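Structure file entry.cif (mmCIF, C-alpha atoms) follows.
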```
data_query
loop_
_atom_site.label_atom_id
_atom_site.label_comp_id
_atom_site.auth_asym_id
_atom_site.auth_seq_id
_atom_site.Cartn_x
_atom_site.Cartn_y
_atom_site.Cartn_z
CA MET A 1 -9.92 17.30 -31.56
CA ASN A 2 -6.99 15.01 -30.88
CA LEU A 3 -4.24 16.06 -28.53
CA LEU A 4 -1.30 13.96 -27.53
CA ALA A 5 -1.33 13.12 -23.83
CA THR A 6 1.62 14.53 -21.91
CA ALA A 7 4.31 11.92 -21.35
CA SER A 8 4.89 10.63 -17.85
CA GLN A 9 8.24 11.20 -16.16
CA THR A 10 9.66 9.70 -13.01
CA ILE A 11 8.61 11.12 -9.66
CA GLY A 12 12.31 11.12 -8.69
CA PRO A 13 13.79 10.75 -5.20
CA PHE A 14 12.73 14.12 -3.76
CA PHE A 15 8.94 14.08 -4.22
CA HIS A 16 8.32 14.22 -0.48
CA ILE A 17 8.74 17.99 -0.38
CA GLY A 18 5.98 18.49 -2.92
CA LEU A 19 3.57 15.70 -2.09
CA GLU A 20 3.68 15.11 1.65
CA LYS A 21 1.03 17.69 2.42
CA LEU A 22 -1.67 15.50 0.90
CA CYS A 23 -0.44 12.27 2.48
CA VAL A 24 -3.28 10.31 4.08
CA ALA A 25 -2.47 7.03 5.84
CA ASP A 26 -5.69 6.73 7.83
CA LEU A 27 -8.69 6.94 5.54
CA ALA A 28 -11.15 5.88 8.22
CA LYS A 29 -10.38 8.69 10.65
CA SER A 30 -13.67 10.52 10.35
CA ALA A 31 -15.65 7.50 11.55
CA ALA A 32 -16.57 5.98 8.21
CA SER A 33 -18.85 2.98 8.69
CA GLY A 34 -17.75 -0.53 7.83
CA GLU A 35 -15.08 -3.04 8.74
CA LYS A 36 -11.87 -1.28 9.68
CA VAL A 37 -8.72 -2.81 8.17
CA SER A 38 -5.00 -2.09 8.38
CA ILE A 39 -2.83 -2.97 5.44
CA ASP A 40 0.90 -3.28 6.10
CA GLY A 41 3.47 -3.99 3.47
CA ARG A 42 6.85 -3.40 1.96
CA VAL A 43 8.08 -2.47 -1.48
CA LEU A 44 10.97 -4.62 -2.73
CA ASP A 45 13.07 -4.28 -5.88
CA GLY A 46 14.57 -6.89 -8.23
CA ASP A 47 17.31 -7.75 -5.70
CA GLY A 48 14.81 -8.09 -2.86
CA LYS A 49 16.07 -4.80 -1.44
CA PRO A 50 13.59 -2.47 0.22
CA VAL A 51 12.56 0.58 -1.79
CA ASN A 52 12.70 3.50 0.63
CA ASP A 53 11.63 6.16 -1.85
CA ALA A 54 8.31 4.92 -3.21
CA LEU A 55 4.96 6.68 -3.05
CA ILE A 56 1.79 4.62 -2.93
CA GLU A 57 -1.68 5.95 -3.61
CA ILE A 58 -4.93 4.08 -3.15
CA TRP A 59 -8.48 4.78 -4.29
CA GLN A 60 -11.53 2.92 -3.08
CA ALA A 61 -15.28 2.86 -2.59
CA ASP A 62 -17.03 3.03 0.79
CA ALA A 63 -18.38 0.01 2.65
CA GLN A 64 -21.52 0.03 0.52
CA GLY A 65 -19.56 0.05 -2.75
CA LYS A 66 -20.10 3.73 -3.58
CA TYR A 67 -17.35 6.06 -4.79
CA ALA A 68 -17.13 9.68 -3.63
CA HIS A 69 -17.21 10.87 -7.22
CA PRO A 70 -19.87 12.50 -9.42
CA ASP A 71 -19.59 9.74 -12.05
CA ASP A 72 -20.76 7.06 -9.63
CA ALA A 73 -24.45 7.05 -10.54
CA GLN A 74 -25.40 4.06 -8.36
CA ASP A 75 -28.52 4.65 -6.36
CA LYS A 76 -26.90 4.30 -2.93
CA PRO A 77 -26.14 6.79 -0.18
CA LEU A 78 -22.49 7.89 0.07
CA ASP A 79 -20.59 7.60 3.34
CA THR A 80 -19.26 11.13 3.55
CA GLY A 81 -16.83 10.05 6.28
CA LEU A 82 -14.70 8.28 3.68
CA LYS A 83 -13.07 10.26 0.92
CA GLY A 84 -11.52 7.11 -0.51
CA PHE A 85 -8.06 8.49 -1.29
CA GLY A 86 -4.88 7.49 0.50
CA ARG A 87 -1.24 8.37 -0.09
CA VAL A 88 1.86 7.27 1.82
CA ALA A 89 5.59 7.30 1.18
CA THR A 90 7.61 4.22 2.13
CA GLY A 91 9.96 4.32 5.11
CA ASP A 92 13.62 3.34 5.45
CA ASN A 93 12.84 -0.38 5.16
CA GLY A 94 10.43 0.03 2.29
CA GLU A 95 7.49 -0.24 4.64
CA PHE A 96 4.08 1.39 4.41
CA ARG A 97 0.74 1.19 6.20
CA PHE A 98 -2.80 2.21 5.40
CA VAL A 99 -5.76 2.11 7.78
CA THR A 100 -9.10 2.11 6.04
CA ILE A 101 -12.53 0.54 5.65
CA LYS A 102 -13.00 -2.61 3.62
CA PRO A 103 -14.80 -1.39 0.51
CA GLY A 104 -18.06 -2.88 -0.71
CA ARG A 105 -18.59 -4.42 -4.13
CA VAL A 106 -18.81 -2.17 -7.16
CA PRO A 107 -20.04 -2.94 -10.68
CA GLY A 108 -17.57 -4.26 -13.24
CA PRO A 109 -17.61 -5.04 -16.94
CA GLY A 110 -20.63 -6.89 -18.27
CA GLY A 111 -22.68 -5.91 -15.23
CA ALA A 112 -20.86 -8.44 -13.03
CA LEU A 113 -20.08 -7.21 -9.53
CA GLN A 114 -16.42 -6.91 -8.63
CA ALA A 115 -15.04 -8.34 -5.42
CA PRO A 116 -14.00 -5.77 -2.77
CA HIS A 117 -10.77 -4.16 -3.91
CA LEU A 118 -8.65 -1.04 -3.78
CA VAL A 119 -6.90 0.36 -6.83
CA VAL A 120 -3.26 1.25 -6.29
CA ALA A 121 -0.78 3.51 -8.06
CA VAL A 122 2.93 3.10 -7.30
CA PHE A 123 5.48 5.83 -8.01
CA MET A 124 9.23 5.88 -7.48
CA ARG A 125 12.62 6.86 -8.83
CA GLY A 126 13.35 4.37 -11.60
CA LEU A 127 9.72 4.18 -12.70
CA LEU A 128 9.21 6.42 -15.71
CA LYS A 129 5.46 5.97 -15.33
CA HIS A 130 3.54 4.74 -12.33
CA LEU A 131 2.57 1.12 -11.88
CA VAL A 132 -1.07 0.19 -11.37
CA THR A 133 -2.17 -2.76 -9.28
CA ARG A 134 -5.05 -3.78 -7.00
CA ILE A 135 -5.48 -5.02 -3.46
CA TYR A 136 -8.10 -7.74 -2.91
CA PHE A 137 -8.94 -9.47 0.34
CA ALA A 138 -7.86 -13.11 0.66
CA HIS A 139 -10.70 -15.47 1.62
CA ASP A 140 -13.41 -13.13 0.36
CA HIS A 141 -15.94 -15.41 -1.38
CA ALA A 142 -16.56 -12.82 -4.09
CA ASN A 143 -12.98 -13.20 -5.37
CA ALA A 144 -14.00 -16.38 -7.23
CA GLU A 145 -16.35 -14.42 -9.48
CA ASP A 146 -14.38 -11.19 -9.84
CA PRO A 147 -14.18 -10.23 -13.54
CA VAL A 148 -10.73 -8.63 -13.20
CA LEU A 149 -9.14 -11.45 -11.20
CA LYS A 150 -10.34 -13.81 -13.93
CA LEU A 151 -8.00 -12.00 -16.34
CA VAL A 152 -5.00 -12.74 -14.11
CA PRO A 153 -3.16 -16.08 -14.45
CA VAL A 154 -4.30 -18.28 -11.53
CA GLU A 155 -0.77 -18.80 -10.21
CA ARG A 156 -0.20 -15.04 -9.92
CA ARG A 157 -3.48 -14.01 -8.27
CA HIS A 158 -2.04 -14.42 -4.78
CA THR A 159 0.13 -11.34 -5.36
CA LEU A 160 -3.02 -9.21 -5.29
CA MET A 161 -4.32 -10.61 -2.00
CA ALA A 162 -4.00 -8.84 1.34
CA ARG A 163 -3.94 -11.57 3.95
CA GLU A 164 -3.62 -11.90 7.69
CA PRO A 165 -0.17 -13.27 8.53
CA ALA A 166 0.11 -15.87 11.27
CA GLY A 167 0.21 -14.19 14.67
CA SER A 168 -1.04 -10.87 13.35
CA GLN A 169 -3.42 -8.85 15.50
CA GLY A 170 -5.81 -8.13 12.66
CA ALA A 171 -3.46 -6.21 10.37
CA LEU A 172 -3.39 -7.50 6.81
CA GLU A 173 -0.18 -7.86 4.84
CA TRP A 174 0.26 -6.97 1.18
CA ASN A 175 3.65 -6.42 -0.44
CA ILE A 176 4.75 -4.93 -3.71
CA ILE A 177 7.44 -7.03 -5.42
CA LEU A 178 8.69 -5.14 -8.45
CA ARG A 179 10.55 -7.93 -10.24
CA GLY A 180 11.37 -11.60 -10.14
CA GLN A 181 9.78 -14.46 -8.26
CA ASP A 182 6.36 -13.55 -6.85
CA GLU A 183 6.43 -10.35 -8.87
CA THR A 184 3.24 -8.43 -8.18
CA VAL A 185 0.67 -8.37 -10.96
CA PHE A 186 0.62 -4.94 -12.57
CA PHE A 187 -2.06 -3.79 -14.96
CA ASP A 188 -1.96 -2.08 -18.31
CA CYS A 189 -4.75 0.41 -17.93
CA MET B 1 -26.42 2.18 -14.71
CA ALA B 2 -25.47 3.65 -18.07
CA ASP B 3 -22.49 2.29 -19.95
CA ILE B 4 -19.11 3.50 -18.77
CA ALA B 5 -16.95 5.23 -21.36
CA GLY B 6 -13.36 4.12 -20.92
CA TYR B 7 -10.28 6.23 -21.50
CA ARG B 8 -8.00 6.23 -24.51
CA ARG B 9 -4.89 4.12 -24.37
CA ALA B 10 -1.49 5.57 -25.23
CA LEU B 11 -0.27 5.56 -28.82
CA GLN B 12 2.90 3.57 -29.38
CA GLY B 13 6.00 5.48 -28.30
CA THR B 14 4.22 8.46 -26.81
CA GLN B 15 4.78 7.31 -23.23
CA PRO B 16 8.03 5.85 -21.84
CA GLU B 17 8.40 2.10 -21.34
CA TYR B 18 9.12 0.85 -17.83
CA LEU B 19 12.49 -0.60 -18.80
CA TYR B 20 14.80 2.00 -20.32
CA PRO B 21 18.35 0.78 -19.64
CA PRO B 22 20.09 4.17 -20.12
CA TYR B 23 18.16 5.26 -17.01
CA VAL B 24 19.93 2.77 -14.78
CA SER B 25 17.40 2.66 -11.92
CA THR B 26 14.78 1.18 -14.27
CA GLN B 27 16.85 -2.00 -14.45
CA LYS B 28 16.05 -2.92 -10.86
CA ARG B 29 12.55 -1.52 -10.71
CA ALA B 30 10.76 -2.18 -13.99
CA PRO B 31 8.46 -5.23 -13.92
CA THR B 32 9.56 -8.26 -15.97
CA ARG B 33 6.21 -10.02 -16.41
CA PRO B 34 3.68 -8.89 -18.99
CA LEU B 35 1.14 -6.38 -17.70
CA VAL B 36 -2.46 -7.60 -17.51
CA LEU B 37 -4.78 -5.55 -19.71
CA LEU B 38 -7.35 -3.99 -17.40
CA PRO B 39 -10.84 -3.05 -18.58
CA HIS B 40 -11.89 0.39 -17.37
CA THR B 41 -14.45 -0.07 -14.62
CA LEU B 42 -16.11 2.32 -12.21
CA SER B 43 -13.01 1.94 -10.01
CA GLU B 44 -10.76 3.43 -12.69
CA VAL B 45 -13.02 6.10 -14.19
CA THR B 46 -13.59 7.66 -10.78
CA GLY B 47 -10.87 9.17 -8.59
CA PRO B 48 -10.31 11.61 -5.75
CA VAL B 49 -11.92 15.02 -6.11
CA PHE B 50 -10.01 18.00 -4.77
CA GLY B 51 -11.11 21.55 -4.17
CA TYR B 52 -9.90 24.89 -2.92
CA ASP B 53 -9.51 23.46 0.61
CA GLU B 54 -6.35 21.73 -0.55
CA VAL B 55 -4.72 24.90 -1.80
CA GLY B 56 -3.43 27.69 0.43
CA ALA B 57 -3.14 31.38 -0.45
CA ASP B 58 0.65 31.37 -1.01
CA ASP B 59 0.84 27.91 -2.54
CA ALA B 60 0.95 29.28 -6.10
CA ASP B 61 3.78 31.73 -5.44
CA LEU B 62 6.98 29.99 -4.43
CA THR B 63 8.79 33.32 -4.15
CA ARG B 64 6.57 34.50 -1.26
CA GLN B 65 6.56 31.57 1.11
CA HIS B 66 9.40 32.81 3.31
CA ALA B 67 10.62 35.99 5.00
CA GLY B 68 12.65 37.18 2.02
CA ALA B 69 12.83 36.70 -1.71
CA PRO B 70 14.63 33.59 -3.00
CA LEU B 71 17.77 33.96 -5.11
CA GLY B 72 17.50 33.21 -8.79
CA GLU B 73 15.67 34.20 -11.90
CA ARG B 74 11.98 34.81 -11.12
CA ILE B 75 9.65 33.15 -13.63
CA ILE B 76 5.92 32.80 -14.22
CA VAL B 77 4.74 29.39 -15.39
CA GLY B 78 1.22 28.92 -16.68
CA GLY B 79 -0.88 27.15 -19.20
CA ARG B 80 -3.91 24.97 -19.52
CA VAL B 81 -4.82 21.49 -18.43
CA LEU B 82 -6.71 19.81 -21.27
CA ASP B 83 -7.75 16.28 -22.12
CA GLU B 84 -6.94 14.39 -25.31
CA ASN B 85 -10.26 15.55 -26.75
CA GLY B 86 -9.17 19.17 -26.33
CA ARG B 87 -11.58 19.86 -23.47
CA PRO B 88 -10.37 21.79 -20.44
CA VAL B 89 -9.99 19.84 -17.20
CA PRO B 90 -11.58 22.16 -14.64
CA GLN B 91 -10.25 22.24 -11.08
CA ALA B 92 -7.40 19.86 -11.82
CA LEU B 93 -5.12 19.78 -8.80
CA ILE B 94 -1.47 20.43 -9.63
CA GLU B 95 1.26 19.77 -7.07
CA LEU B 96 4.77 20.83 -8.00
CA TRP B 97 8.26 20.71 -6.58
CA GLN B 98 11.72 21.70 -7.72
CA CYS B 99 15.27 22.47 -6.63
CA ASN B 100 16.50 25.99 -6.02
CA ALA B 101 18.48 28.19 -8.42
CA ALA B 102 21.72 26.50 -7.32
CA GLY B 103 20.41 23.01 -8.10
CA ARG B 104 19.68 21.83 -4.56
CA TYR B 105 16.42 20.41 -3.21
CA ARG B 106 15.28 21.15 0.31
CA HIS B 107 15.27 17.42 1.02
CA ARG B 108 17.23 15.45 3.60
CA ASN B 109 18.54 13.03 0.97
CA ASP B 110 19.87 15.67 -1.40
CA ASN B 111 23.57 15.97 -0.65
CA HIS B 112 24.65 17.86 -3.76
CA ASP B 113 27.34 20.35 -2.79
CA ALA B 114 25.32 23.46 -3.58
CA PRO B 115 23.81 25.92 -1.09
CA LEU B 116 20.29 25.76 0.24
CA ASP B 117 18.33 28.99 0.03
CA PRO B 118 16.61 29.89 3.33
CA ASN B 119 13.96 31.70 1.31
CA PHE B 120 13.07 28.85 -0.99
CA GLY B 121 11.15 25.68 -0.13
CA GLY B 122 10.52 24.61 -3.70
CA CYS B 123 6.99 23.30 -3.51
CA GLY B 124 3.57 24.56 -4.44
CA ARG B 125 0.00 23.65 -5.27
CA VAL B 126 -2.50 25.19 -7.60
CA LEU B 127 -6.01 24.31 -8.68
CA ALA B 128 -6.79 24.91 -12.36
CA ASP B 129 -9.79 27.17 -12.97
CA ARG B 130 -12.98 26.27 -14.83
CA GLU B 131 -11.21 26.58 -18.20
CA GLY B 132 -8.30 24.48 -17.00
CA ARG B 133 -5.99 27.49 -16.69
CA TYR B 134 -3.29 27.59 -14.05
CA ARG B 135 -0.44 29.91 -13.16
CA PHE B 136 2.31 29.99 -10.57
CA VAL B 137 5.36 32.10 -9.77
CA THR B 138 8.70 30.58 -8.89
CA ILE B 139 12.41 30.86 -9.68
CA LYS B 140 14.14 28.99 -12.46
CA PRO B 141 15.60 25.78 -11.03
CA GLY B 142 19.27 24.99 -11.57
CA ALA B 143 20.84 21.94 -13.18
CA TYR B 144 22.35 19.36 -10.83
CA PRO B 145 24.52 16.26 -11.09
CA TRP B 146 23.25 12.73 -10.48
CA ARG B 147 25.04 9.42 -10.48
CA ASN B 148 23.33 7.68 -13.39
CA HIS B 149 26.50 7.69 -15.51
CA HIS B 150 29.80 9.56 -15.65
CA ASN B 151 29.27 13.33 -15.50
CA ALA B 152 25.48 13.00 -15.58
CA TRP B 153 23.56 16.26 -15.11
CA ARG B 154 19.80 16.72 -15.02
CA PRO B 155 18.53 19.58 -17.19
CA ALA B 156 16.61 22.24 -15.28
CA HIS B 157 13.10 20.92 -14.59
CA ILE B 158 10.02 21.34 -12.44
CA HIS B 159 8.14 18.26 -11.23
CA PHE B 160 4.38 18.26 -11.82
CA SER B 161 1.81 15.93 -10.27
CA LEU B 162 -1.77 16.10 -11.54
CA PHE B 163 -5.12 14.61 -10.72
CA GLY B 164 -7.75 14.94 -13.39
CA ARG B 165 -11.21 13.49 -13.22
CA ALA B 166 -10.28 9.83 -12.81
CA PHE B 167 -7.77 7.40 -11.37
CA LEU B 168 -6.85 6.84 -15.03
CA THR B 169 -5.92 10.48 -15.61
CA ARG B 170 -3.30 10.56 -12.85
CA LEU B 171 -0.06 12.02 -14.21
CA VAL B 172 3.35 12.75 -12.78
CA THR B 173 5.70 14.47 -15.19
CA GLN B 174 8.48 17.05 -15.48
CA MET B 175 8.56 20.37 -17.30
CA TYR B 176 11.79 21.39 -19.02
CA PHE B 177 13.08 24.71 -20.37
CA PRO B 178 13.63 25.59 -24.04
CA GLY B 179 17.19 25.65 -25.31
CA ASP B 180 18.67 23.63 -22.46
CA PRO B 181 21.84 21.96 -23.81
CA LEU B 182 21.50 19.14 -21.24
CA LEU B 183 18.26 17.81 -22.73
CA ALA B 184 20.07 15.89 -25.46
CA PHE B 185 22.01 13.92 -22.83
CA ASP B 186 19.28 13.25 -20.29
CA PRO B 187 18.00 9.65 -20.25
CA ILE B 188 14.85 10.58 -18.32
CA PHE B 189 13.80 13.18 -20.90
CA ASN B 190 14.82 10.90 -23.77
CA SER B 191 12.96 7.86 -22.41
CA THR B 192 9.92 8.78 -24.51
CA ALA B 193 10.58 7.47 -28.03
CA ASP B 194 8.22 9.76 -29.92
CA GLU B 195 9.94 13.07 -30.64
CA ARG B 196 6.73 15.06 -30.74
CA ALA B 197 5.69 13.69 -27.35
CA ARG B 198 9.12 14.44 -25.94
CA LYS B 199 9.05 18.04 -27.13
CA ARG B 200 5.71 18.56 -25.40
CA LEU B 201 7.62 18.34 -22.12
CA ILE B 202 9.51 21.52 -22.95
CA ALA B 203 7.75 24.73 -21.99
CA ASP B 204 7.56 27.60 -24.49
CA PHE B 205 8.99 30.98 -23.64
CA ASP B 206 5.92 33.23 -23.62
CA TRP B 207 5.94 37.00 -24.17
CA ASP B 208 2.24 37.25 -23.29
CA SER B 209 2.73 36.14 -19.71
CA THR B 210 6.13 37.82 -19.28
CA ALA B 211 5.68 40.58 -16.70
CA PRO B 212 7.63 43.77 -17.56
CA GLU B 213 10.39 44.63 -15.09
CA HIS B 214 9.45 41.53 -13.11
CA ALA B 215 9.61 38.00 -14.53
CA LEU B 216 9.90 35.92 -17.72
CA GLY B 217 6.86 33.86 -18.64
CA TYR B 218 6.77 30.23 -19.72
CA ARG B 219 3.80 28.36 -21.11
CA PHE B 220 3.31 24.69 -20.35
CA ASP B 221 0.08 23.06 -21.45
CA ILE B 222 -0.61 19.66 -19.97
CA VAL B 223 -2.78 17.05 -21.67
CA LEU B 224 -4.37 14.34 -19.53
CA ARG B 225 -5.98 11.21 -20.91
CA GLY B 226 -9.40 11.71 -22.46
CA ARG B 227 -12.46 9.53 -22.78
CA ASP B 228 -12.69 7.13 -25.64
CA ALA B 229 -15.51 8.00 -28.01
CA THR B 230 -16.99 4.50 -27.88
CA PRO B 231 -18.46 3.48 -24.54
CA ILE B 232 -17.26 0.07 -23.44
CA GLU B 233 -19.86 -2.63 -23.19
CA ARG B 234 -21.02 -3.57 -19.77
#
```
structure tokens encoding of this file:
Amino acid sequence: MNLLATASQTIGPFFHIGLEKLCVADLAKSAASGEKVSIDGRVLDGDGKPVNDALIEIWQADAQGKYAHPDDAQDKPLDTGLKGFGRVATGDNGEFRFVTIKPGRVPGPGGALQAPHLVVAVFMRGLLKHLVTRIYFAHDHANAEDPVLKLVPVERRHTLMAREPAGSQGALEWNIILRGQDETVFFDC
Amino acid sequence: MADIAGYRRALQGTQPEYLYPPYVSTQKRAPTRPLVLLPHTLSEVTGPVFGYDEVGADDADLTRQHAGAPLGERIIVGGRVLDENGRPVPQALIELWQCNAAGRYRHRNDNHDAPLDPNFGGCGRVLADREGRYRFVTIKPGAYPWRNHHNAWRPAHIHFSLFGRAFLTRLVTQMYFPGDPLLAFDPIFNSTADERARKRLIADFDWDSTAPEHALGYRFDIVLRGRDATPIER
């Protein structure tokens, strides 16, 4: 049987009333094991203006690289303290923050392990379908052999890296630039 | 580990493009660089799993969430959540939100000059059953103006947000009503090039679910992405 998938439509400017109940900014609350990380960022449009009506969702594995999902058949215990799903709306200056655990490595295409990463979906007024991107961790040695990063032009890979800004007290920074110079890499998936 | 079966990719024209100039906001927000084709890995074929904990008793009836009944035409909206292979998507979480019968959202940024209804919040949640069936009760939302172009009005619509089995099956869409004269003029509705795909966003009036002396029924089936038949090589 072949059915046509329902078309996507924009989330619009008023999604907060319907979606805020499942907002999760702190994924590590129930004492998941692993390295705790904060990721701070902003969403900016083609004019460099902050986007104050975006919704960002993340999905990730636990510190051992296991997903809380029945299709993850890896023979590893699951950290039940980490559900792996986060959702936040941006604030007045386009800002957002997640607190979570750095995920472990998970298998990728061809059996190669992927570097630690989070998958990200971005929704907003003006996006008729959501954008998909990833957050990697700058300076992680595994990035050099990540099969997905290898598909990204070298000069654009930095847009996928969360990094510690100078003077930061441990919080990582990762921004979403929708258009123009330093435009974030988005995936066709 | 066994091979991972990826998900089907959209047929040309059946999903909107990011840049659709008649919808003016896309001009500042659509990416300009080519998207990078992503293979489907364990990260994409998994996704958050939700259950009945996320759904409260009154979440599926938007007419019973306040002290009194909301103003407007009471309706029952239901249907099935299926995948592209025609299989039901059991326990799919649906979140929905809408404006009231006068065309006003209960949202601090909605300044349309239409009254709020103290008995209508406009949001709900429902978990599809094992056969992918869902049903909720609400009132028919009104049309409202927006500033996209001169005299722009959104057709009546209900926003739907769905999680299926995977990160790849995530869908946010809008349901429209049959016979709405505003559909022909709405750039958001018309952003999908394929006419058949566009019409799938319009619910069918449904005698079977219409409740006598109570509410009109509308049927809106939702199709999430389905697995590709060929497993990708790992």
Using only C-alpha atoms - which residues lie no farther than 8 Å from the point (1.6, 2.7, -7.1) in the file's frame? Write them as a PyMOL selection string. chain A and resi 55-58+120-123+130-133
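All residues of protein, DNA or RNA that reach within 9 Å of segment 190-199 of chain B, judged by all atoms listed in the file and not counting those fewer than 6 positions away in the chain, are A:Leu4, A:Ala5, A:Thr6, A:Ala7, A:Ser8, A:Gln9, A:Leu128, B:Gln12, B:Gly13, B:Thr14, B:Gln15, B:Pro16, B:Glu17, B:Tyr20, B:Pro22, B:Tyr23, B:Leu183, B:Ala184.
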Quick one: what's the axis-aligned box for segment 125-143 of chain B, all listed atoms, 5 Å on every side, centre and edges in Å to one decimal, as AutoDock Vina command-line options?
```
--center_x 3.9 --center_y 27.0 --center_z -11.7 --size_x 43.8 --size_y 20.2 --size_z 22.9
```
Using all atoms listed in the file, find which residues of chain A lie within 8 Å of chain B and jot them down as an NGL selection string. :A and (1-11 or 14-19 or 22 or 45-47 or 59-61 or 67-69 or 71-74 or 83-85 or 106-111 or 119 or 125-129 or 148 or 151-152 or 178-180 or 183 or 185-189)
Hits of the PyMOL selection byres ((chain B and resi 91) around 8) in this structure, as a list in words: Phe50, Gly51, Val89, Pro90, Ala92, Leu93, Leu127, Ala128, Asp129, Arg130 and Gly132 of chain B
Set the distance at 6 Å and use only C-alpha atoms: which residues neighbour segment 136-144 of chain A once local chain neighbours fewer than 5 positions away are removed? I'd like the list as number ranges by chain. A: 115, 117, 160-163
What do you get, as an MDAnalysis selection string, if you spell out every residue that the PyMOL selection byres ((chain A and resi 27) around 10) selects here? chainID A and resid 24:26 28:32 36 58 60 81:87 98:101
Hey, can you check how far atom CA of Phe120 of chain B sits from atom CA of Gly142 of chain B? 12.9 Å
Taking the file as I've supplied it (selection: the PyMOL selection byres ((chain A and resi 63) around 9)), which residues are included? Please answer as a PDB file with C-alpha atoms, in the coordinates of the input.
```pdb
ATOM      1  CA  ALA A  32     -16.570   5.980   8.210  1.00  0.00           C
ATOM      2  CA  SER A  33     -18.850   2.980   8.690  1.00  0.00           C
ATOM      3  CA  GLY A  34     -17.750  -0.530   7.830  1.00  0.00           C
ATOM      4  CA  GLU A  35     -15.080  -3.040   8.740  1.00  0.00           C
ATOM      5  CA  ALA A  61     -15.280   2.860  -2.590  1.00  0.00           C
ATOM      6  CA  ASP A  62     -17.030   3.030   0.790  1.00  0.00           C
ATOM      7  CA  GLN A  64     -21.520   0.030   0.520  1.00  0.00           C
ATOM      8  CA  GLY A  65     -19.560   0.050  -2.750  1.00  0.00           C
ATOM      9  CA  LYS A  66     -20.100   3.730  -3.580  1.00  0.00           C
ATOM     10  CA  ASP A  79     -20.590   7.600   3.340  1.00  0.00           C
ATOM     11  CA  ILE A 101     -12.530   0.540   5.650  1.00  0.00           C
ATOM     12  CA  LYS A 102     -13.000  -2.610   3.620  1.00  0.00           C
ATOM     13  CA  PRO A 103     -14.800  -1.390   0.510  1.00  0.00           C
ATOM     14  CA  GLY A 104     -18.060  -2.880  -0.710  1.00  0.00           C
ATOM     15  CA  ARG A 105     -18.590  -4.420  -4.130  1.00  0.00           C
TER      16      ARG A 105
END
```
8 Å contact set for Asp61 of chain B, all atoms listed in the file, chain neighbours under 4 positions out, as a CSV table (one decimal) with C-alpha atoms, in the coordinates of the input:
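To be explicit, this is the file written out as selection39.csv:
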```csv
chain,number,residue,atom,x,y,z
B,65,GLN,CA,6.6,31.6,1.1
B,124,GLY,CA,3.6,24.6,-4.4
B,136,PHE,CA,2.3,30.0,-10.6
B,137,VAL,CA,5.4,32.1,-9.8
B,138,THR,CA,8.7,30.6,-8.9
```
Given all atoms listed in the file as the counted atoms, nearest of B:Pro187, B:Asp180, B:Asp113, B:Val81 to Asn148 of chain B: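 The shortest atom-to-atom distance to Asn148 of chain B comes from B:Pro187.
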Need the shell around Leu182 of chain B: protein/DNA/RNA residues with any atom at most 8 Å away, counting all atoms listed in the file. Skip same-chain ones fewer than 2 positions apart. Format as a PDB file with C-alpha atoms, in the coordinates of the input?
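So selection.pdb came out as:
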```pdb
ATOM      1  CA  TRP B 153      23.560  16.260 -15.110  1.00  0.00           C
ATOM      2  CA  ARG B 154      19.800  16.720 -15.020  1.00  0.00           C
ATOM      3  CA  PRO B 155      18.530  19.580 -17.190  1.00  0.00           C
ATOM      4  CA  ASP B 180      18.670  23.630 -22.460  1.00  0.00           C
ATOM      5  CA  ALA B 184      20.070  15.890 -25.460  1.00  0.00           C
ATOM      6  CA  PHE B 185      22.010  13.920 -22.830  1.00  0.00           C
ATOM      7  CA  ASP B 186      19.280  13.250 -20.290  1.00  0.00           C
TER       8      ASP B 186
END
```
d(atom CA of Ile76 of chain B, atom CA of Glu131 of chain B) in Å: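 Rounded to one decimal, the two atoms are 18.7 Å apart.
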Residues around (-7.5, -3.3, 10.2), cut-off 6 Å, counting only C-alpha atoms - what are they as a PyMOL selection string? chain A and resi 36-38+170-171
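Among the candidate residues A:Ile135, A:Ala112, A:Val88, A:Val154, the one lying nearest to Asp53 of chain A is A:Val88, with distances computed using all atoms listed in the file.
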At what distance in Å, to one decimal, does atom CA of His66 of chain B lie from atom CA of Asn119 of chain B?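 Answer for the atom CA of Asn119 of chain B to atom CA of His66 of chain B separation: 5.1 Å.
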May I ask which of the residues A:Arg134, A:Asn93, A:Lys76, A:Pro13 is the closest one to Leu44 of chain A, counting only C-alpha atoms?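 Distance minimum relative to Leu44 of chain A lands on A:Asn93.
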